[in-house]
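Chemist: One file: query_24.cif (mmCIF, C-alpha atoms).
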data_my_file
#
loop_
_atom_site.label_atom_id
_atom_site.label_comp_id
_atom_site.auth_asym_id
_atom_site.auth_seq_id
_atom_site.Cartn_x
_atom_site.Cartn_y
_atom_site.Cartn_z
CA MET A 268 -5.84 -66.96 22.13
CA ALA A 269 -6.90 -63.83 20.29
CA MET A 270 -4.48 -60.93 20.37
CA THR A 271 -5.80 -57.72 21.90
CA GLU A 272 -4.60 -54.17 21.46
CA PRO A 273 -2.86 -52.71 24.51
CA ALA A 274 -5.00 -50.36 26.51
CA PRO A 275 -4.19 -46.71 25.87
CA SER A 276 -2.40 -44.97 28.70
CA ALA A 277 -4.18 -42.45 30.88
CA VAL A 278 -1.88 -39.74 29.50
CA THR A 279 -2.77 -40.55 25.90
CA THR A 280 -6.47 -40.74 26.73
CA ALA A 281 -6.37 -37.29 28.42
CA HIS A 282 -4.46 -35.81 25.48
CA GLU A 283 -6.94 -37.15 22.94
CA GLY A 284 -9.89 -36.08 25.07
CA ILE A 285 -8.70 -32.48 25.19
CA LEU A 286 -8.25 -32.41 21.41
CA ARG A 287 -11.67 -33.99 20.90
CA ARG A 288 -13.38 -31.44 23.15
CA GLN A 289 -11.57 -28.56 21.43
CA SER A 290 -12.79 -29.77 18.05
CA ALA A 291 -16.34 -30.06 19.35
CA ARG A 292 -16.49 -26.73 21.16
CA GLU A 293 -14.26 -24.23 19.36
CA SER A 294 -15.00 -22.14 16.30
CA ALA A 295 -14.35 -23.40 12.79
CA ALA A 296 -12.09 -20.34 12.46
CA ARG A 297 -9.36 -21.93 14.58
CA THR A 298 -6.11 -22.21 12.63
CA TYR A 299 -2.92 -23.47 14.29
CA ALA A 300 -4.83 -26.11 16.22
CA ARG A 301 -5.80 -27.82 12.96
CA ALA A 302 -2.26 -28.26 11.63
CA LEU A 303 -0.68 -28.82 15.05
CA PRO A 304 -2.81 -31.34 16.99
CA ILE A 305 -0.78 -31.15 20.19
CA VAL A 306 -1.65 -30.18 23.77
CA PRO A 307 1.25 -28.17 25.25
CA VAL A 308 1.59 -28.54 29.02
CA ARG A 309 5.16 -27.39 29.68
CA ALA A 310 7.66 -25.28 27.77
CA ARG A 311 11.12 -23.84 28.20
CA GLY A 312 13.20 -22.04 25.62
CA LEU A 313 12.87 -23.78 22.25
CA THR A 314 11.15 -26.86 23.68
CA ILE A 315 7.47 -27.65 24.19
CA GLU A 316 6.27 -30.78 25.95
CA GLY A 317 2.83 -32.09 25.04
CA ALA A 318 0.26 -33.76 27.29
CA ASP A 319 1.19 -37.05 25.62
CA GLY A 320 4.78 -36.69 26.84
CA ARG A 321 6.27 -35.90 23.40
CA ARG A 322 8.73 -33.02 23.03
CA TYR A 323 8.92 -30.57 20.16
CA LEU A 324 11.33 -27.91 18.94
CA ASP A 325 9.16 -24.83 18.50
CA CYS A 326 10.08 -22.76 15.44
CA LEU A 327 6.72 -21.00 15.43
CA SER A 328 7.44 -19.08 18.67
CA GLY A 329 3.93 -17.73 18.99
CA ALA A 330 4.10 -16.43 15.40
CA GLY A 331 7.24 -14.54 16.35
CA THR A 332 6.04 -13.35 19.75
CA LEU A 333 8.58 -15.30 21.82
CA ALA A 334 11.86 -13.50 21.15
CA LEU A 335 13.48 -15.36 24.05
CA GLY A 336 11.54 -18.60 23.69
CA HIS A 337 9.17 -20.02 26.27
CA ASN A 338 9.34 -19.01 29.93
CA HIS A 339 12.71 -17.30 29.85
CA PRO A 340 13.99 -16.67 33.41
CA VAL A 341 14.25 -12.87 32.97
CA VAL A 342 10.64 -12.74 31.78
CA LEU A 343 9.34 -14.92 34.61
CA GLU A 344 11.27 -12.87 37.17
CA ALA A 345 9.81 -9.62 35.83
CA ILE A 346 6.27 -11.00 36.01
CA ARG A 347 6.75 -12.39 39.53
CA LYS A 348 8.17 -9.06 40.70
CA VAL A 349 5.00 -7.23 39.69
CA LEU A 350 2.75 -9.93 41.17
CA ASP A 351 4.65 -9.92 44.47
CA SER A 352 4.70 -6.12 44.71
CA GLY A 353 0.95 -5.73 45.15
CA ALA A 354 0.84 -3.28 42.24
CA PRO A 355 -2.49 -2.98 40.42
CA LEU A 356 -2.75 -5.21 37.36
CA HIS A 357 -5.39 -3.15 35.59
CA VAL A 358 -5.00 0.62 35.34
CA LEU A 359 -6.46 1.65 31.95
CA ASP A 360 -4.00 4.29 30.66
CA LEU A 361 -2.86 5.69 34.01
CA ALA A 362 0.85 6.27 34.58
CA THR A 363 2.66 3.61 36.64
CA PRO A 364 6.31 2.86 37.38
CA VAL A 365 5.99 -0.33 35.30
CA LYS A 366 4.66 1.60 32.32
CA ASP A 367 7.30 4.30 32.68
CA ALA A 368 10.07 1.69 32.71
CA PHE A 369 8.65 0.02 29.60
CA THR A 370 8.37 3.28 27.66
CA THR A 371 11.89 4.30 28.66
CA GLU A 372 13.38 0.99 27.54
CA LEU A 373 11.38 0.95 24.30
CA PHE A 374 12.50 4.48 23.38
CA ARG A 375 16.10 3.47 24.16
CA THR A 376 15.92 0.83 21.44
CA LEU A 377 14.34 3.00 18.73
CA PRO A 378 16.40 4.66 15.99
CA GLU A 379 17.80 7.82 17.59
CA GLU A 380 16.40 10.25 15.03
CA PHE A 381 12.95 8.76 15.46
CA ALA A 382 12.96 8.46 19.26
CA GLY A 383 14.04 12.08 19.68
CA ARG A 384 10.65 13.41 18.63
CA ALA A 385 8.31 10.48 19.19
CA ARG A 386 5.02 9.95 20.97
CA ILE A 387 3.57 6.60 22.01
CA GLN A 388 -0.03 5.41 22.02
CA PHE A 389 -0.88 2.27 23.98
CA CYS A 390 -3.51 0.33 22.07
CA GLY A 391 -5.65 -2.73 22.64
CA PRO A 392 -3.53 -5.82 23.26
CA ALA A 393 -3.31 -7.12 19.66
CA GLY A 394 -1.21 -5.85 16.78
CA THR A 395 -4.28 -5.43 14.61
CA ASP A 396 -5.62 -2.76 16.98
CA ALA A 397 -2.32 -0.89 16.71
CA VAL A 398 -2.69 -0.97 12.92
CA GLU A 399 -6.19 0.47 13.33
CA ALA A 400 -4.75 3.22 15.52
CA ALA A 401 -2.04 4.03 12.98
CA LEU A 402 -4.54 4.30 10.14
CA LYS A 403 -6.89 6.40 12.26
CA LEU A 404 -4.07 8.72 13.32
CA ALA A 405 -2.87 9.25 9.74
CA ARG A 406 -6.39 10.00 8.54
CA THR A 407 -6.95 12.42 11.41
CA ALA A 408 -3.63 14.21 10.89
CA THR A 409 -3.92 14.55 7.10
CA GLY A 410 -7.66 14.96 6.69
CA ARG A 411 -7.41 12.40 3.90
CA ASP A 412 -8.94 8.95 3.68
CA GLY A 413 -7.31 6.61 1.15
CA LEU A 414 -4.36 4.29 1.78
CA LEU A 415 -1.45 2.86 -0.13
CA ALA A 416 -0.69 -0.77 0.69
CA PHE A 417 1.08 -3.66 -1.02
CA THR A 418 0.28 -6.97 -2.63
CA GLY A 419 0.97 -9.84 -0.24
CA ALA A 420 0.60 -7.65 2.83
CA TYR A 421 -0.78 -8.83 6.16
CA HIS A 422 -1.65 -6.29 8.85
CA GLY A 423 -4.29 -8.04 10.97
CA MET A 424 -7.88 -9.25 10.99
CA THR A 425 -9.96 -6.27 12.13
CA ALA A 426 -11.76 -4.20 9.49
CA GLY A 427 -9.19 -1.49 8.76
CA ALA A 428 -6.18 -3.78 9.11
CA LEU A 429 -7.77 -6.40 6.88
CA GLU A 430 -8.60 -3.67 4.39
CA ALA A 431 -4.87 -2.97 4.01
CA SER A 432 -3.97 -6.67 3.71
CA GLY A 433 -3.43 -8.56 0.50
CA GLY A 434 -6.67 -10.52 0.44
CA ALA A 435 -9.03 -7.55 0.81
CA ARG A 436 -11.92 -6.79 -1.56
CA ASP A 437 -13.90 -3.60 -2.35
CA VAL A 438 -11.85 -1.28 -0.16
CA ARG A 439 -10.43 2.24 -0.05
CA VAL A 440 -6.90 0.98 -0.55
CA THR A 441 -4.71 1.34 -3.62
CA ARG A 442 -2.70 -1.83 -4.03
CA LEU A 443 0.94 -1.45 -5.09
CA PRO A 444 3.40 -4.14 -6.26
CA TYR A 445 5.74 -5.34 -3.51
CA PRO A 446 9.19 -6.15 -4.95
CA GLN A 447 10.44 -9.71 -4.82
CA ASP A 448 12.96 -11.75 -6.75
CA TYR A 449 11.44 -15.20 -7.06
CA ARG A 450 7.92 -14.26 -8.22
CA CYS A 451 8.54 -10.72 -9.40
CA PRO A 452 5.29 -9.09 -10.61
CA PHE A 453 7.25 -7.62 -13.54
CA GLY A 454 9.07 -10.84 -14.40
CA THR A 455 12.53 -9.37 -13.83
CA GLY A 456 13.41 -9.60 -10.12
CA GLY A 457 16.48 -8.00 -8.58
CA PRO A 458 17.16 -4.25 -8.55
CA HIS A 459 15.33 -3.76 -11.85
CA GLY A 460 12.13 -5.25 -10.44
CA ALA A 461 12.39 -3.02 -7.37
CA GLU A 462 12.97 0.00 -9.61
CA LEU A 463 9.86 -0.80 -11.64
CA SER A 464 7.85 -1.15 -8.43
CA ALA A 465 9.04 2.28 -7.27
CA ARG A 466 8.32 3.88 -10.65
CA TRP A 467 4.83 2.42 -10.66
CA THR A 468 4.18 4.00 -7.26
CA GLU A 469 5.49 7.40 -8.34
CA SER A 470 3.50 7.32 -11.58
CA LEU A 471 0.29 6.41 -9.80
CA LEU A 472 0.67 9.29 -7.35
CA ASP A 473 1.73 11.90 -9.90
CA ASP A 474 -0.63 11.01 -12.76
CA SER A 475 -3.65 13.30 -12.51
CA LYS A 476 -5.70 10.66 -14.34
CA SER A 477 -4.64 7.66 -12.24
CA GLY A 478 -7.83 7.86 -10.22
CA VAL A 479 -5.80 7.79 -6.99
CA PRO A 480 -6.08 10.96 -4.92
CA ARG A 481 -3.35 11.78 -2.42
CA PRO A 482 -3.78 9.22 0.36
CA ALA A 483 -3.69 9.49 4.13
CA ALA A 484 -0.73 7.10 4.43
CA MET A 485 1.35 4.30 3.00
CA ILE A 486 1.66 1.16 5.11
CA LEU A 487 4.27 -1.53 4.49
CA GLU A 488 6.16 -4.40 6.14
CA PRO A 489 10.00 -4.36 5.90
CA VAL A 490 9.73 -8.13 5.54
CA GLN A 491 6.40 -9.60 4.53
CA GLY A 492 5.84 -12.45 6.97
CA GLU A 493 2.47 -14.05 6.24
CA GLY A 494 3.01 -13.03 2.62
CA GLY A 495 5.81 -15.60 2.36
CA VAL A 496 8.88 -14.15 4.12
CA ILE A 497 9.78 -11.59 1.46
CA PRO A 498 12.38 -8.99 2.54
CA ALA A 499 12.02 -5.55 1.00
CA PRO A 500 15.24 -4.34 -0.69
CA ASP A 501 16.92 -1.60 1.32
CA ASP A 502 17.17 0.72 -1.68
CA TRP A 503 13.47 0.28 -2.35
CA MET A 504 12.65 1.07 1.28
CA ARG A 505 14.64 4.30 0.99
CA ARG A 506 12.83 5.08 -2.25
CA MET A 507 9.43 4.63 -0.60
CA ARG A 508 10.54 6.95 2.19
CA ALA A 509 11.58 9.57 -0.37
CA VAL A 510 8.37 9.13 -2.39
CA THR A 511 6.12 9.59 0.63
CA ALA A 512 8.14 12.42 2.20
CA ALA A 513 8.14 14.44 -1.04
CA ARG A 514 4.35 14.17 -1.28
CA ASP A 515 3.55 14.70 2.41
CA ILE A 516 2.24 11.15 2.84
CA PRO A 517 2.89 9.61 6.28
CA LEU A 518 4.82 6.34 6.07
CA ILE A 519 3.57 3.62 8.44
CA VAL A 520 5.97 0.71 8.97
CA ASP A 521 4.44 -2.44 10.42
CA GLU A 522 7.10 -4.00 12.69
CA VAL A 523 4.71 -6.29 14.53
CA GLN A 524 6.62 -9.41 13.47
CA THR A 525 9.95 -7.95 12.32
CA GLY A 526 10.75 -6.02 15.50
CA VAL A 527 12.89 -6.75 18.58
CA GLY A 528 15.88 -8.22 16.77
CA ARG A 529 14.03 -10.72 14.60
CA THR A 530 15.63 -9.65 11.28
CA GLY A 531 19.15 -9.10 12.59
CA ALA A 532 18.63 -5.46 13.56
CA PHE A 533 16.61 -4.35 16.56
CA TRP A 534 14.05 -2.83 14.20
CA ALA A 535 13.95 -3.88 10.55
CA VAL A 536 13.91 -0.26 9.34
CA GLU A 537 17.48 0.04 10.60
CA HIS A 538 18.74 -2.10 7.71
CA SER A 539 17.78 0.65 5.28
CA GLY A 540 18.24 3.63 7.60
CA VAL A 541 14.64 4.68 6.98
CA THR A 542 12.92 6.84 9.59
CA PRO A 543 9.17 6.24 9.34
CA ASP A 544 6.45 8.57 10.54
CA ILE A 545 4.58 5.83 12.42
CA MET A 546 5.77 2.43 13.67
CA VAL A 547 3.33 -0.33 14.60
CA LEU A 548 4.70 -2.61 17.33
CA SER A 549 3.34 -5.71 19.06
CA LYS A 550 4.17 -9.43 19.50
CA ALA A 551 7.69 -9.59 21.01
CA ILE A 552 7.42 -6.21 22.78
CA GLY A 553 5.18 -7.88 25.39
CA GLY A 554 7.66 -10.60 26.25
CA SER A 555 5.03 -13.32 25.48
CA LEU A 556 2.04 -11.39 26.87
CA PRO A 557 -0.44 -9.23 24.89
CA LEU A 558 0.78 -5.70 24.21
CA ALA A 559 0.57 -3.35 21.23
CA VAL A 560 1.57 0.26 20.66
CA ILE A 561 2.18 2.77 17.93
CA VAL A 562 5.09 5.19 18.09
CA TYR A 563 4.91 8.25 15.85
CA ARG A 564 6.27 11.70 15.02
CA ASP A 565 5.17 14.28 17.56
CA ASP A 566 3.67 16.64 14.97
CA LEU A 567 1.14 13.91 14.08
CA ASP A 568 -0.16 13.92 17.66
CA VAL A 569 -3.34 15.77 16.75
CA TRP A 570 -6.13 13.56 18.04
CA GLY A 571 -8.17 14.42 21.11
CA PRO A 572 -8.61 12.52 24.38
CA GLY A 573 -10.31 9.18 23.80
CA ALA A 574 -9.80 9.26 20.03
CA HIS A 575 -8.34 5.76 20.32
CA ALA A 576 -8.96 3.91 23.57
CA GLY A 577 -9.21 0.39 24.92
CA THR A 578 -9.96 -1.25 28.24
CA PHE A 579 -6.86 -3.44 28.16
CA ARG A 580 -4.24 -0.92 27.00
CA GLY A 581 -2.56 -0.87 30.41
CA ASN A 582 -1.39 -4.49 30.69
CA GLN A 583 1.11 -4.20 33.55
CA LEU A 584 2.38 -7.78 33.38
CA ALA A 585 3.00 -7.47 29.64
CA MET A 586 4.85 -4.19 30.12
CA ALA A 587 7.08 -5.73 32.78
CA ALA A 588 7.74 -8.79 30.63
CA GLY A 589 8.32 -6.54 27.65
CA THR A 590 10.80 -4.33 29.46
CA ALA A 591 12.80 -7.39 30.51
CA THR A 592 12.73 -8.80 26.97
CA LEU A 593 13.74 -5.55 25.27
CA ALA A 594 16.60 -5.02 27.72
CA HIS A 595 17.82 -8.62 27.43
CA VAL A 596 17.84 -8.52 23.62
CA ARG A 597 19.65 -5.16 23.64
CA GLU A 598 22.19 -5.95 26.36
CA ASN A 599 23.09 -9.39 24.99
CA GLY A 600 23.38 -8.44 21.32
CA LEU A 601 20.70 -10.89 20.26
CA ALA A 602 19.88 -8.93 17.10
CA GLU A 603 23.46 -9.37 15.96
CA ARG A 604 23.26 -13.03 16.96
CA ALA A 605 20.12 -13.41 14.83
CA ALA A 606 21.92 -11.88 11.85
CA GLN A 607 24.89 -14.24 12.13
CA LEU A 608 23.00 -17.44 12.86
CA GLY A 609 20.28 -16.60 10.34
CA ALA A 610 22.88 -16.14 7.60
CA ARG A 611 24.36 -19.57 8.39
CA MET A 612 20.94 -21.24 8.39
CA LEU A 613 20.02 -19.61 5.08
CA ALA A 614 23.30 -20.85 3.56
CA GLN A 615 22.62 -24.41 4.73
CA LEU A 616 19.05 -24.31 3.42
CA ARG A 617 20.27 -23.03 0.06
CA ALA A 618 22.68 -25.94 -0.10
CA LEU A 619 19.72 -28.25 0.54
CA ALA A 620 17.76 -26.46 -2.20
CA ALA A 621 20.54 -27.25 -4.67
CA GLU A 622 19.86 -30.96 -3.99
CA GLN A 623 16.07 -30.82 -3.79
CA PRO A 624 14.18 -29.60 -6.90
CA CYS A 625 11.03 -29.17 -4.79
CA ILE A 626 12.66 -26.21 -3.00
CA GLY A 627 12.05 -23.28 -5.29
CA ASP A 628 13.46 -20.49 -3.15
CA VAL A 629 15.10 -19.87 0.22
CA ARG A 630 14.90 -16.35 1.59
CA GLY A 631 14.71 -14.30 4.73
CA ARG A 632 16.51 -11.94 7.04
CA GLY A 633 17.98 -12.82 10.40
CA LEU A 634 15.88 -15.48 12.11
CA MET A 635 12.87 -14.84 9.90
CA ILE A 636 13.33 -17.55 7.28
CA GLY A 637 11.18 -18.89 4.45
CA VAL A 638 11.53 -21.98 2.24
CA GLU A 639 9.15 -22.00 -0.74
CA LEU A 640 8.13 -25.45 -1.96
CA VAL A 641 7.20 -25.94 -5.62
CA ASP A 642 6.16 -28.62 -8.07
CA PRO A 643 9.16 -28.95 -10.43
CA ALA A 644 7.32 -31.51 -12.57
CA ALA A 645 4.78 -28.84 -13.51
CA ALA A 646 7.40 -26.24 -14.40
CA VAL A 647 6.96 -26.79 -18.15
CA LEU A 648 3.34 -25.73 -17.78
CA THR A 649 4.28 -22.34 -16.33
CA ALA A 650 7.41 -21.49 -18.33
CA PRO A 651 8.80 -18.91 -18.33
CA GLY A 652 8.95 -18.24 -14.63
CA PRO A 653 9.25 -20.33 -11.48
CA PRO A 654 7.35 -23.61 -11.03
CA PRO A 655 3.91 -23.46 -9.43
CA ALA A 656 3.60 -23.52 -5.67
CA ALA A 657 3.11 -26.88 -3.96
CA PRO A 658 0.71 -26.36 -1.04
CA GLU A 659 -0.05 -30.08 -0.64
CA LEU A 660 3.65 -30.86 -0.39
CA ALA A 661 4.10 -28.05 2.14
CA ALA A 662 1.25 -29.37 4.30
CA ALA A 663 2.72 -32.87 4.12
CA VAL A 664 6.15 -31.54 5.13
CA GLN A 665 4.58 -29.71 8.08
CA ARG A 666 3.00 -32.99 9.24
CA ALA A 667 6.29 -34.82 8.72
CA CYS A 668 8.10 -32.18 10.78
CA LEU A 669 5.61 -32.60 13.61
CA ARG A 670 6.20 -36.37 13.62
CA ARG A 671 9.91 -35.58 13.94
CA GLY A 672 9.29 -33.23 16.85
CA LEU A 673 9.56 -29.93 14.95
CA ILE A 674 6.89 -27.23 14.89
CA ILE A 675 6.87 -25.00 11.79
CA GLU A 676 4.39 -22.60 10.22
CA LEU A 677 3.26 -22.26 6.62
CA GLY A 678 2.66 -18.97 4.81
CA GLY A 679 2.74 -17.32 1.43
CA ARG A 680 0.06 -16.92 -1.21
CA ASP A 681 -0.66 -20.64 -1.46
CA ALA A 682 0.50 -21.69 2.02
CA SER A 683 3.50 -23.25 0.30
CA VAL A 684 6.25 -21.42 2.22
CA ILE A 685 7.76 -23.11 5.27
CA ARG A 686 8.35 -20.39 7.86
CA LEU A 687 10.96 -20.58 10.63
CA LEU A 688 10.70 -18.11 13.52
CA PRO A 689 12.92 -19.62 16.24
CA PRO A 690 13.88 -17.73 19.42
CA LEU A 691 16.71 -15.24 19.04
CA ASN A 692 18.77 -17.09 21.67
CA LEU A 693 18.77 -20.28 19.59
CA THR A 694 22.03 -22.17 20.09
CA ASP A 695 24.17 -23.55 17.27
CA GLU A 696 23.29 -27.08 18.37
CA GLN A 697 19.59 -26.32 18.37
CA ALA A 698 19.83 -24.72 14.94
CA SER A 699 21.49 -27.86 13.60
CA ALA A 700 18.77 -30.04 15.11
CA VAL A 701 16.07 -27.88 13.53
CA LEU A 702 17.67 -28.01 10.09
CA ASP A 703 18.36 -31.75 10.31
CA ARG A 704 14.72 -32.50 11.11
CA LEU A 705 13.47 -30.12 8.43
CA ALA A 706 15.81 -31.51 5.77
CA ASP A 707 14.77 -35.07 6.58
CA ALA A 708 11.08 -34.14 6.46
CA ILE A 709 11.43 -32.40 3.08
CA THR A 710 13.57 -35.12 1.52
CA THR A 711 11.41 -38.00 2.75
CA THR A 712 8.09 -36.32 1.92
CA ALA A 713 9.18 -35.27 -1.56
CA ARG A 714 10.35 -38.82 -2.31
CA THR A 715 7.17 -40.37 -0.97
CA LEU A 716 4.90 -38.09 -2.98
CA SER A 717 6.90 -38.61 -6.17
CA THR A 718 7.18 -42.41 -5.90
CA GLY A 719 4.13 -43.21 -3.82
CA ARG A 720 6.33 -45.03 -1.30
#
For the file at hand, write its structure as structure tokens.
Modeler:
Amino acid sequence: MAMTEPAPSAVTTAHEGILRRQSARESAARTYARALPIVPVRARGLTIEGADGRRYLDCLSGAGTLALGHNHPVVLEAIRKVLDSGAPLHVLDLATPVKDAFTTELFRTLPEEFAGRARIQFCGPAGTDAVEAALKLARTATGRDGLLAFTGAYHGMTAGALEASGGARDVRVTRLPYPQDYRCPFGTGGPHGAELSARWTESLLDDSKSGVPRPAAMILEPVQGEGGVIPAPDDWMRRMRAVTAARDIPLIVDEVQTGVGRTGAFWAVEHSGVTPDIMVLSKAIGGSLPLAVIVYRDDLDVWGPGAHAGTFRGNQLAMAAGTATLAHVRENGLAERAAQLGARMLAQLRALAAEQPCIGDVRGRGLMIGVELVDPAAAVLTAPGPPPAAPELAAAVQRACLRRGLIIELGGRDASVIRLLPPLNLTDEQASAVLDRLADAITTTARTLSTGR
């Protein structure tokens, strides 16, 4: 009798059908869906369950949006409270008790010197719109047009935000070197590399023949996320603050991904003690729902009514969820927890790197962690300097992680940096499970690619 394959289950068939229809109907611009062919149907905390019944540990967290993981009870309670109250869900920019509570809690978390003279602008629901608002405000307040931004930056996908990002072309932005140790643009790394980066910036601004007129603003990320998880040195951050302040250039700090405890401080600028002129906030401030704002110095509040508007800038459910998230992170010391657990995870990953030549660098701050994969066999071709990036290996490791029930993201110039953005309330046991699965995926994939077995 001929053997026949078992019939696929109804669950599997439904799962595959959804993926097939997505591929047929959705834009070619879709991203995460390509690398992560899963169909989430339930989620709680760190765990996602797919339509096929498989469970995954989610270290993507909505690209850093889910500070408390999926469906945290305090977030769900806050949303239900608004829904049950009969309050309007759409109010444009009108004042509401929900909005007032959110603004009060947000200002409570901000650095004291900054919050004392701050204004807030509610923007469209995505971080990129808040970047647009920040750039527009700086240009309005200064009467100038140009921008200073940094290599490797990522600020969003709308025109102005993309203009300030690292992959832009033919724009009004002067690109400055962002300091980093592993692939230092000056070939030195460490404090000396950061010093050269700062000197370059000062020289460019002060040289009458540099071709760079005084700009409207400087925009930077305290930790470059999409750029490969590259933390800015605290001394360099202070230097950029001094450089911009001395030349009357507003400093915009993009905290869209670094904010709400992610880096081990509530806001990443607190590590350096820098007080920016404008902060761009989104992702975690909405407690998993769309919300974006800019907070800025009151003397910059020069634009007129309607100068930056948006139909969905009054998202009541997001504000309620955001208030609950901000308060929970603050009251439970989750930023400090991120600092402690993140340091332990970095130490364990560096120990793994000592055993695995394909791990070129491990870096990060708090629970914003990056592992750069390289091709050590090609190092002789690039000497001196680090080995070339290994994007194919990174993609294979991402697939291997998914098979092991671990969701990770890739970033960096060549998509060769494994990025971990777990919830801030990650337990020690969960952290161990994440690192065990990641280590096994890296070790097994590297061996398979090198031996073909």
Chemist: Using the chain letters and numbers from the file, which residues does the PyMOL selection byres ((chain A and resi 420) around 9) grab, as an MDAnalysis selection string?
Modeler: chainID A and resid 416:419 421:422 431:434 445 487:488 491:494
Chemist: Selection in question (the file shown): the PyMOL selection byres ((chain A and resi 547) around 10). Which residues does it include, as a VMD selection string?
Modeler: chain A and resid 388 394 to 401 422 486 488 519 to 524 526 545 to 546 548 to 549 559 to 563
Chemist: Could you list, as a PyMOL selection string, every residue within 8 Å of Leu359 of chain A, counting all atoms listed in the file and ignoring same-chain residues fewer than 6 positions away?
Modeler: chain A and resi 577-581
Chemist: Please enumerate the residues selected by the PyMOL selection byres ((chain A and resi 483) around 7) when evaluated against the supplied file, formatted as a ChimeraX atom specification.
Modeler: /A:405-406,409,411-414,481-482,484,516-517
Chemist: Just checking: using all atoms listed in the file, which residue out of A:Gly528, A:Gly383, A:Gly627, A:Pro643 ends up closest to Arg604 of chain A?
Modeler: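 Distance minimum relative to Arg604 of chain A lands on A:Gly528.
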Chemist: So, with only C-alpha atoms as the atoms that count, which of A:Val342, A:Leu556, A:Leu693, A:Leu333 lies closest to Leu601 of chain A?
Modeler: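 Closest to Leu601 of chain A of all the choices is A:Leu693.
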Chemist: In Å, how far is it from atom CA of Thr468 of chain A to atom CA of Thr511 of chain A?
Modeler: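 Between atom CA of Thr468 of chain A and atom CA of Thr511 of chain A the gap works out to 9.9 Å.
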Chemist: Could you check the closest approach to Thr376 of chain A for each of A:Ile552, A:Ile674, A:Cys668, A:Ala318 and tell me which residue wins, using all atoms listed in the file?
Modeler: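 Ranking A:Ile552, A:Ile674, A:Cys668, A:Ala318 by distance to Thr376 of chain A, first place goes to A:Ile552.
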Chemist: Using all atoms listed in the file, determine which residues lie at most 8 Å from Arg450 of chain A, disregarding the query and same-chain residues fewer than 4 positions distant; provide the list as a list in words.
Modeler: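 Neighbouring residues, sequence-local ones excluded: Gly454, Gly456, Gly652 and Pro653 of chain A.
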Chemist: What does the distance from atom CA of Thr694 of chain A to atom CA of Ile305 of chain A come to in Å, to one decimal?
Modeler: 24.5 Å
Chemist: Using only C-alpha atoms, give me every residue within 10 Å of (2.8, -24.9, 1.2) in file coordinates, as a list in words.
Modeler: Gly495, Val638, Glu639, Leu640, Val641, Ala656, Ala657, Pro658, Glu659, Leu660, Ala661, Ala662, Ala663, Val664, Gln665, Glu676, Leu677, Gly678, Gly679, Arg680, Asp681, Ala682, Ser683, Val684, Ile685 and Arg686 of chain A
Chemist: Grab the atom CA of Arg311 of chain A to atom CA of Ala594 of chain A distance for me, in Å with one decimal place.
Modeler: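 So the answer is 19.6 Å.
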Chemist: Select, from A:Thr710, A:Asn692, A:Gln583, A:Thr280, the residue with the minimum atom-to-atom distance to Ala354 of chain A, counting all atoms listed in the file.
Modeler: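 Closest to Ala354 of chain A of all the choices is A:Gln583.
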Chemist: Would you be able to write out as an NGL selection string which residues have an atom within 6 Å of (6.3, -18.3, 23.4) in the file's coordinates, counting all atoms listed in the file?
Modeler: :A and (328-329 or 333 or 336-337 or 555)
Chemist: Quick one: residues within 12 Å of Gln289 of chain A, all atoms listed in the file, excluding same-chain residues fewer than 3 positions away - as a PyMOL selection string?
Modeler: chain A and resi 282-286+292-295+297+300-301+304-306
Chemist: Using all atoms listed in the file, pick whichever of A:Arg321, A:His459, A:His575, A:Arg564 has the shortest atom-to-atom distance to Gln447 of chain A.
Modeler: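 Using all atoms listed in the file, the shortest distance to Gln447 of chain A belongs to A:His459.
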Chemist: Residues near segment 530-542 of chain A, anyone? I mean within 10 Å using all atoms listed in the file, not counting same-chain ones fewer than 4 positions away, as number ranges by chain.
Modeler: A: 376-382, 488-490, 498-509, 518-526, 546, 548, 564, 593, 596-597, 600-610, 631-636, 691
Chemist: Rank A:Ala408, A:Leu688, A:Leu343, A:Ala706 by their smallest atom-to-atom distance to Ala588 of chain A, using all atoms listed in the file, and report the top residue only.
Modeler: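 Checking each of A:Ala408, A:Leu688, A:Leu343, A:Ala706 against Ala588 of chain A, counting all atoms listed in the file, the winner is A:Leu343.
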